[in-house]
Every structure is written in structure tokens, then in C-alpha cells.
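Below is one structure, written out as C-alpha cells, with a few remarks after it.
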Amino acid sequence: MSKVITSAEQLDFKLSDLQDMPAPGKVLLVKPTYFSVEYVINPHMEGNIGDVDKLAAQNEWEHLRSAYEELGLYVHVEDGVRGYPDMVFCANQSLPNITDEGKKEVIMSVMNSDKRKGEVPFIQQVYEDSSYEIVRLDETRFTDFEGMGDALWHFKKRLIWGGYGYRSSKEVYDVISETFDTPVIALKLIDERFYHLDTCLCILNTETALIYPKAFTDEGLELIRSVFSNVIEASKYEAEKLFACNATCPDGKNVFIQQGCVDVNQKLKKLGFKVHEFSTYEFLKSGGSVFCMKMLLW
Ligand code: ARG
């Protein structure tokens, strides 16, 4: 049965009522060999065509890769594909799930931009090789869904946060909720500079989220504050220019974040998180940072 929640009155559960899920132990990365800014499909890319320093991008990516290894995650690296300069942002082509019985399945994205549609079959192949059951959306009904750019798993709980408005459509969350037998809290995004949910909401652990409040409606903010007991707010500068909310916290303790988020980092440390800063400047030129440069998997 599908359950999509759009306002706080509809919240009829507490976090403790939700089914537990394991933390993902694997991370998928796509090499930035062909990464560049070749077109403009989000406001951050404007003015940056042809501006990526390939060597710097490679170095930035390598640092992230080693850090995931040091954290103890199994790192699966895929080659990039010529002609797909955004494929390095591998949060976007899919949304994986592990069922309560341990079965692995994945919903493949329907990319909003024609420029990125061709990435999906390559990522699907990775899942096929790892024995995931593949779910394809009916593309005559759903024209936009950008995977874990917009659909974020709550930390270790059977609950999905679903952003919509720019790259994913609201309707898709009914199917996702039904397919994964998981409630979805749908959040409307209202600022095009925060075009994916992962640019304005970072789920750090079961109780804690980092957000950029102005990217959400009042209803959305109420939902976020009703579920998370700790909500950290990023400033406009750190959220928009440094993609602070595009951080990732794979184990609920260690936060990987773009360097220079001084204010957010102070707040994170106060709550006991261990902060690891990375330079992702080359990827910021394309409108992405740490979170969307990977896919966490089971
Ligand atoms: N240039 C890419 C795009 O616009 C960046 C994607 C970043 N992904 C994300 N989930 N925020 O599609």
C-alpha cells in the first residue's frame, strides 16, 4: 500500500514505530574521467562551461574515494562513459532498497534532462551484476525521477524523504512508496538553486538533520521539525556556495563535507559528529558535491 505524507497532520507514526534498516556497507563511485561542464541544466552550471580543471577534479575525487575506504566501506568503482559528463554524480540514476527479508532491489531513474538519460542503463548494469532486482518506472506516466538526488533514506529506518518540484515529480512517490512498502514524506522544493533534495536536506543520523530552511515550504519545514529532534540550519552562503547540505554521514557519526563550512561544522562538532572536510570545488561548478558523488548500497 502506498503512503505519501505531505503535511504534519498526516504523520501517524513515531520514528520508533518504523522498521529498522541496516546501514549501507558499500559505496558506488563513478570515475570522473569524462567529468566536465558542457551544458547548463541547473543554475550552478551557468558560466562554468569548459571550466573544469580535470586534474584537480581527479584529485578531489581520489581523496573522497580513499576516505570511504578508510571509513571501512566497500568501495565499488565504475568507469565513466564518454559523452556523459555528469555521470560522476551517481546518486541520481537510481534508488536502491533492501527489504526486511534482505532482498535487494532498485528503482531506476527517469532523468529529467535528456543530456543525462543515457547514464541510466550503465548504472542499471552495475545493479544487474550485483543481483539486484530492477524496477523500471513506466516512462509514459513518470517523466521525472532522479533517484537519490531527491529520494533520501532516513538513517536506518524504513522511511523515505522525497523532494519534488525541479527534477522529480510528486506523483512518482506513490509508486516508490508502494514498490518499497515504505512511507514517503514528500517535500516541495521552492528555490531552483536547491533543485535536488540532497542540496538542502542532509540526514545525519536517526534524530539529526542539516537543512537549508529557505528551500522548503512552511509545511515541509514543519514535517522536518516534527520528525527530527535535532535540526541544524546552514547559512545561505554555506548552503548555496559550499553545498553544506550535500554532505554525507554514512555511519551516523562521521560527516564528509565540502571544506570551509565553518558555521555548520561548529554546529556538527557540538553535537558530537566527526567532521572531515573535502575540496569538491570542481564539482561545485556543476552543482554537486560530496553526497551526490556517490551511491550508498547494501
Ligand atoms: N550537473 C548535474 C545535474 O545538474 C549535477 C547533479 C548533482 N546531483 C545532485 N544530486 N545534487 O544533473
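Starting from 1 in every chain, residues are counted up; chains themselves are A, B, ... following the order of the C-alpha cells, and ligands are numbered from 1 as listed.
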
Non-local contacts of segment 229-239 of chain A (12 Å; only C-alpha atoms; under 5 positions in same chain excluded) as a ChimeraX atom specification: /A:14-15,191,193-194,198-215,221-224,244-247,257-271,284,287-289

With N, CA and C atoms retained, write the just-selected residues as a short mmCIF file (atom, residue, chain, number, x, y, z; two decimals), in the first residue's frame.
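Output file part_12.cif follows:
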data_model
loop_
_atom_site.label_atom_id
_atom_site.label_comp_id
_atom_site.auth_asym_id
_atom_site.auth_seq_id
_atom_site.Cartn_x
_atom_site.Cartn_y
_atom_site.Cartn_z
N LYS A 14 5.61 7.42 15.03
CA LYS A 14 6.84 7.98 15.61
C LYS A 14 7.99 7.22 14.97
N LEU A 15 9.18 7.79 15.03
CA LEU A 15 10.34 7.10 14.44
C LEU A 15 10.50 5.70 15.01
N ASP A 191 13.18 26.63 -4.32
CA ASP A 191 14.26 27.52 -4.76
C ASP A 191 15.11 26.75 -5.76
N ARG A 193 17.92 27.03 -6.93
CA ARG A 193 19.34 26.78 -6.62
C ARG A 193 19.48 25.54 -5.73
N PHE A 194 18.36 25.12 -5.15
CA PHE A 194 18.33 23.89 -4.34
C PHE A 194 17.38 22.93 -5.04
N ASP A 198 18.84 16.63 -2.00
CA ASP A 198 20.14 16.45 -1.34
C ASP A 198 20.99 17.72 -1.33
N THR A 199 20.46 18.82 -1.87
CA THR A 199 21.19 20.09 -1.77
C THR A 199 20.71 20.91 -0.57
N CYS A 200 19.59 20.47 0.05
CA CYS A 200 19.04 21.27 1.16
C CYS A 200 18.64 20.44 2.38
N LEU A 201 18.71 19.12 2.28
CA LEU A 201 18.45 18.26 3.45
C LEU A 201 19.51 17.18 3.51
N CYS A 202 20.21 17.12 4.63
CA CYS A 202 21.19 16.06 4.83
C CYS A 202 20.80 15.31 6.10
N ILE A 203 20.52 14.03 5.95
CA ILE A 203 20.12 13.22 7.10
C ILE A 203 21.39 12.67 7.74
N LEU A 204 21.66 13.10 8.96
CA LEU A 204 22.94 12.77 9.59
C LEU A 204 22.87 11.51 10.44
N ASN A 205 21.80 11.40 11.22
CA ASN A 205 21.53 10.15 11.94
C ASN A 205 20.03 10.10 12.19
N THR A 206 19.58 9.16 13.01
CA THR A 206 18.13 8.97 13.15
C THR A 206 17.42 10.24 13.64
N GLU A 207 18.09 11.00 14.50
CA GLU A 207 17.42 12.17 15.10
C GLU A 207 17.84 13.50 14.50
N THR A 208 18.90 13.49 13.68
CA THR A 208 19.52 14.77 13.30
C THR A 208 19.55 15.02 11.80
N ALA A 209 19.15 16.23 11.42
CA ALA A 209 19.22 16.63 10.01
C ALA A 209 19.86 18.00 9.91
N LEU A 210 20.54 18.20 8.78
CA LEU A 210 21.11 19.51 8.44
C LEU A 210 20.29 20.03 7.27
N ILE A 211 19.78 21.26 7.39
CA ILE A 211 18.90 21.77 6.32
C ILE A 211 19.25 23.21 5.93
N TYR A 212 18.78 23.59 4.74
CA TYR A 212 18.74 25.00 4.38
C TYR A 212 17.25 25.35 4.34
N PRO A 213 16.74 26.03 5.38
CA PRO A 213 15.29 26.18 5.55
C PRO A 213 14.57 26.86 4.39
N LYS A 214 15.23 27.85 3.77
CA LYS A 214 14.51 28.62 2.74
C LYS A 214 14.23 27.83 1.47
N ALA A 215 14.76 26.63 1.36
CA ALA A 215 14.48 25.80 0.18
C ALA A 215 13.13 25.09 0.29
N LEU A 221 8.89 22.38 6.25
CA LEU A 221 9.71 22.61 7.44
C LEU A 221 9.07 22.00 8.67
N GLU A 222 7.74 22.10 8.73
CA GLU A 222 7.04 21.52 9.89
C GLU A 222 7.22 19.99 9.92
N LEU A 223 7.17 19.39 8.74
CA LEU A 223 7.38 17.94 8.66
C LEU A 223 8.79 17.57 9.15
N ILE A 224 9.76 18.32 8.66
CA ILE A 224 11.15 18.03 9.03
C ILE A 224 11.32 18.17 10.55
N ALA A 244 26.81 22.90 1.72
CA ALA A 244 26.94 22.28 3.04
C ALA A 244 25.97 21.11 3.23
N CYS A 245 24.74 21.26 2.73
CA CYS A 245 23.73 20.21 2.95
C CYS A 245 23.91 19.02 2.03
N ASN A 246 24.86 19.10 1.13
CA ASN A 246 25.19 17.96 0.27
C ASN A 246 26.32 17.15 0.91
N ALA A 247 26.37 17.21 2.22
CA ALA A 247 27.33 16.39 2.98
C ALA A 247 26.79 14.97 3.06
N ILE A 257 32.12 16.54 4.22
CA ILE A 257 31.51 17.81 3.79
C ILE A 257 32.52 18.65 3.02
N GLN A 258 32.03 19.47 2.10
CA GLN A 258 32.89 20.42 1.37
C GLN A 258 33.64 21.30 2.38
N GLN A 259 34.90 21.59 2.10
CA GLN A 259 35.67 22.38 3.06
C GLN A 259 35.19 23.82 3.14
N GLY A 260 35.35 24.39 4.34
CA GLY A 260 35.03 25.80 4.53
C GLY A 260 33.65 26.06 5.12
N CYS A 261 32.90 25.03 5.45
CA CYS A 261 31.57 25.25 6.05
C CYS A 261 31.75 25.48 7.56
N VAL A 262 32.33 26.63 7.86
CA VAL A 262 32.79 26.91 9.23
C VAL A 262 31.66 26.85 10.25
N ASP A 263 30.57 27.51 9.92
CA ASP A 263 29.46 27.60 10.88
C ASP A 263 28.78 26.23 11.07
N VAL A 264 28.51 25.57 9.96
CA VAL A 264 27.87 24.25 10.05
C VAL A 264 28.79 23.28 10.80
N ASN A 265 30.07 23.31 10.51
CA ASN A 265 30.99 22.38 11.14
C ASN A 265 31.04 22.56 12.65
N GLN A 266 30.97 23.81 13.07
CA GLN A 266 30.97 24.09 14.50
C GLN A 266 29.73 23.45 15.14
N LYS A 267 28.59 23.60 14.47
CA LYS A 267 27.34 23.04 15.00
C LYS A 267 27.41 21.51 15.01
N LEU A 268 28.00 20.94 13.97
CA LEU A 268 28.12 19.48 13.89
C LEU A 268 28.99 18.95 15.04
N LYS A 269 30.10 19.62 15.25
CA LYS A 269 31.03 19.17 16.30
C LYS A 269 30.39 19.26 17.67
N LYS A 270 29.61 20.31 17.87
CA LYS A 270 28.92 20.49 19.15
C LYS A 270 27.99 19.31 19.44
N LEU A 271 27.43 18.75 18.37
CA LEU A 271 26.52 17.60 18.55
C LEU A 271 27.28 16.27 18.56
N LEU A 284 31.46 21.50 -7.61
CA LEU A 284 30.52 22.58 -7.29
C LEU A 284 30.17 23.36 -8.56
N GLY A 287 27.18 21.94 -9.85
CA GLY A 287 26.01 21.87 -8.98
C GLY A 287 25.94 20.61 -8.15
N GLY A 288 27.11 20.07 -7.81
CA GLY A 288 27.11 18.87 -6.96
C GLY A 288 28.30 18.87 -6.03
N SER A 289 28.20 18.08 -4.97
CA SER A 289 29.32 17.96 -4.03
C SER A 289 29.35 16.53 -3.48
#

Contacts of ligand 1, 10 Å or closer, only C-alpha atoms and all ligand atoms, given as a PyMOL selection string: chain A and resi 35-45+85-93+111-113+115-116+146-151+167+194-200+243+245-246+283-294

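The smallest atom-to-atom distance between His276 of chain A and any of A:Leu73, A:Ala67, A:Ile134, A:Ile107, using only C-alpha atoms, is found for A:Ala67.
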
Counting only C-alpha atoms, the option among A:Asp79, A:Glu171, A:Glu139, A:Glu219 closest to Lys188 of chain A: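 When distances to Lys188 of chain A are compared using only C-alpha atoms, the smallest one comes from A:Glu219.
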
Residue set, segment 12-213 of chain A restricted to strand (DSSP E or B), as a ChimeraX atom specification: /A:20,26-30,74-78,94-98,104-108,110,133-136,145,151-153,157,160-164,184-189,201-203,208-211

Interatomic distance, atom CA of Asp51 of chain A to atom CA of Val30 of chain A (Å, one decimal): 20.1 Å

DSSP alpha helix (DSSP H) residues within segment 3-138 of chain A, listed as a ChimeraX atom specification: /A:54-70,114-117,120-129

For Ile160 of chain A: contacts at 9 Å, only C-alpha atoms, fewer than 5 positions along chain excluded, given as a list in words: Ala151, Leu152, Trp153, His154, Ser177, Thr182, Pro183, Val184, Ile185 and Ala186 of chain A

Just to be explicit: take each residue in the selection above, keep C-alpha atoms, and write the result as a compact mmCIF listing (two decimals), in the first residue's frame.
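The result, written out as out35.txt:
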# COMPACT_ATOMS: atom_id res chain seq x y z
CA ALA A 151 14.69 10.45 -2.55
CA LEU A 152 16.67 10.09 0.67
CA TRP A 153 16.52 7.16 3.05
CA HIS A 154 16.08 8.08 6.68
CA SER A 177 6.14 4.02 -1.53
CA THR A 182 7.82 2.32 2.76
CA PRO A 183 6.19 5.58 3.81
CA VAL A 184 7.40 8.64 1.93
CA ILE A 185 7.40 12.17 3.32
CA ALA A 186 7.13 14.40 0.25

Best match for closeness to Met295 of chain A among A:Val175, A:Leu28, A:Cys249, A:Ala57, counting only C-alpha atoms: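 Among the listed residues, A:Leu28 lies closest to Met295 of chain A.
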
Residues near Gln125 of chain A, cut-off 12 Å, only C-alpha atoms, skip fewer than 4 positions along chain, as a PyMOL selection string: chain A and resi 78+93-94+106+108+119-121+129-134

Test item: residues at most 12 Å from Thr99 of chain A, only C-alpha atoms, excluding those fewer than 3 positions along its chain, as JSON, numbers by chain: {"A": [19, 20, 21, 22, 96, 102, 103, 104, 105, 106, 132, 133, 157, 158, 179, 180, 181, 182, 298]}

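Between Arg141 of chain A and the residues A:Val52, A:Lys26, A:Leu187, A:Val172, the shortest atom-to-atom distance, using only C-alpha atoms, involves A:Val172.
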
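With only C-alpha atoms as the atoms that count, the residue of A:Trp161, A:Tyr173, A:Tyr74, A:Phe155 with the shortest distance to Phe142 of chain A is A:Tyr173.
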